[in-house]
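**Student:** Before anything else, here's the structure in question.
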Amino acid sequence: DRVGIIGEICTLLAGMEVNIVDISQTVMHGLFTMTMLVDTGCSSNTFDEIGDALKQHESKTGLSVRIQREDIFHAMHRI
């Protein structure tokens, strides 16, 4: 957890015209955890390009960033 994590990710996504629909965050056992629901419909970037940009940010900052399609997310979290 540190200052600016949310701002960095939001700025990166905004630069690729990705709309943040919902966001939640918490600190679990000292680890900052954030979940975002985003809309990529207006972005000229593909899902893979967005993922690559997040991976580059991950390697520069030491964060662990994951991206997942909504249908897969729902399938994994269905009871």
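The chains in the structure tokens are called A, B, ... from first to last as shown; in each chain the residues are counted from 1, and the ligands are counted from 1 in the order shown.
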I need the residues of chain A that end up classed as alpha helix (DSSP H) by DSSP on the backbone, written out as number ranges by chain.

**Tutor:** A: 5-15, 47-61, 70-76

**Student:** What lies within 12 Å of range 41-57 of chain A using only C-alpha atoms, ignoring chain neighbours under 6 positions off, as a list in words?

**Tutor:**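 The residues that qualify are Ile5, Glu8, Ile9, Cys10, Thr11, Leu12, Leu13, Ala14, Gly15, Met16, Glu17, Val18, Asn19, Ile20, Val21, Leu63, Ser64, Val65, Arg66, Ile67, Gln68, Arg69 and Glu70 of chain A.
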
**Student:** Produce a file of the selected residues containing N, CA and C atoms, as a tab-separated table (two decimals), in the first residue's frame.

**Tutor:**
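Below is the file result-v3.tsv, written as the result:
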```tsv
chain	number	residue	atom	x	y	z
A	5	ILE	N	-1.41	4.70	-5.98
A	5	ILE	CA	-1.65	3.48	-6.77
A	5	ILE	C	-2.92	3.64	-7.62
A	8	GLU	N	-2.44	6.17	-10.47
A	8	GLU	CA	-1.59	5.67	-11.55
A	8	GLU	C	-2.37	4.77	-12.50
A	9	ILE	N	-3.12	3.84	-11.92
A	9	ILE	CA	-3.88	2.90	-12.75
A	9	ILE	C	-4.99	3.64	-13.50
A	10	CYS	N	-5.69	4.55	-12.81
A	10	CYS	CA	-6.76	5.31	-13.46
A	10	CYS	C	-6.22	6.16	-14.61
A	11	THR	N	-5.08	6.79	-14.40
A	11	THR	CA	-4.46	7.61	-15.45
A	11	THR	C	-4.07	6.75	-16.65
A	12	LEU	N	-3.49	5.59	-16.38
A	12	LEU	CA	-3.10	4.67	-17.45
A	12	LEU	C	-4.31	4.24	-18.27
A	13	LEU	N	-5.38	3.85	-17.58
A	13	LEU	CA	-6.59	3.41	-18.27
A	13	LEU	C	-7.25	4.55	-19.03
A	14	ALA	N	-7.32	5.73	-18.43
A	14	ALA	CA	-7.91	6.88	-19.10
A	14	ALA	C	-7.16	7.22	-20.38
A	15	GLY	N	-5.84	7.07	-20.36
A	15	GLY	CA	-5.03	7.33	-21.54
A	15	GLY	C	-5.33	6.39	-22.70
A	16	MET	N	-5.93	5.25	-22.38
A	16	MET	CA	-6.32	4.29	-23.42
A	16	MET	C	-7.83	4.31	-23.65
A	17	GLU	N	-8.50	5.35	-23.12
A	17	GLU	CA	-9.96	5.53	-23.28
A	17	GLU	C	-10.75	4.37	-22.70
A	18	VAL	N	-10.27	3.84	-21.58
A	18	VAL	CA	-10.97	2.78	-20.86
A	18	VAL	C	-11.75	3.45	-19.73
A	19	ASN	N	-13.06	3.21	-19.69
A	19	ASN	CA	-13.93	3.82	-18.69
A	19	ASN	C	-14.01	2.94	-17.45
A	20	ILE	N	-13.79	3.52	-16.28
A	20	ILE	CA	-13.93	2.80	-15.02
A	20	ILE	C	-15.38	2.88	-14.60
A	21	VAL	N	-16.05	1.73	-14.56
A	21	VAL	CA	-17.47	1.65	-14.22
A	21	VAL	C	-17.65	1.52	-12.71
A	63	LEU	N	4.09	-3.61	-8.62
A	63	LEU	CA	2.73	-4.02	-8.29
A	63	LEU	C	2.41	-5.35	-8.96
A	64	SER	N	1.39	-6.00	-8.48
A	64	SER	CA	0.87	-7.20	-9.13
A	64	SER	C	-0.48	-6.82	-9.72
A	65	VAL	N	-0.58	-6.80	-11.05
A	65	VAL	CA	-1.79	-6.36	-11.74
A	65	VAL	C	-2.33	-7.50	-12.58
A	66	ARG	N	-3.62	-7.76	-12.47
A	66	ARG	CA	-4.26	-8.82	-13.25
A	66	ARG	C	-5.43	-8.24	-14.02
A	67	ILE	N	-5.64	-8.70	-15.22
A	67	ILE	CA	-6.78	-8.29	-16.04
A	67	ILE	C	-7.52	-9.55	-16.46
A	68	GLN	N	-8.84	-9.47	-16.45
A	68	GLN	CA	-9.64	-10.66	-16.75
A	68	GLN	C	-10.94	-10.23	-17.42
A	69	ARG	N	-11.36	-10.97	-18.41
A	69	ARG	CA	-12.63	-10.68	-19.07
A	69	ARG	C	-13.78	-10.93	-18.11
A	70	GLU	N	-14.83	-10.14	-18.25
A	70	GLU	CA	-15.96	-10.20	-17.32
A	70	GLU	C	-16.63	-11.57	-17.29
```

**Student:** Which value, in Å to one decimal, gives the distance between CA of Met76 in chain A and CA of Thr33 in chain A?

**Tutor:** 18.0 Å

**Student:** Would you mind telling me which residue in A:Thr35, A:Thr26, A:Lys60, A:Val3 lies nearest to Phe73 in chain A when using only C-alpha atoms?

**Tutor:**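 Looking only at the distances to Phe73 in chain A, the closest residue turns out to be A:Thr35.
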
**Student:** Could you write out, as a ChimeraX atom specification, all the residues of range 3-62 of chain A that DSSP marks as strand (DSSP E or B)?

**Tutor:** /A:19-28,31-39
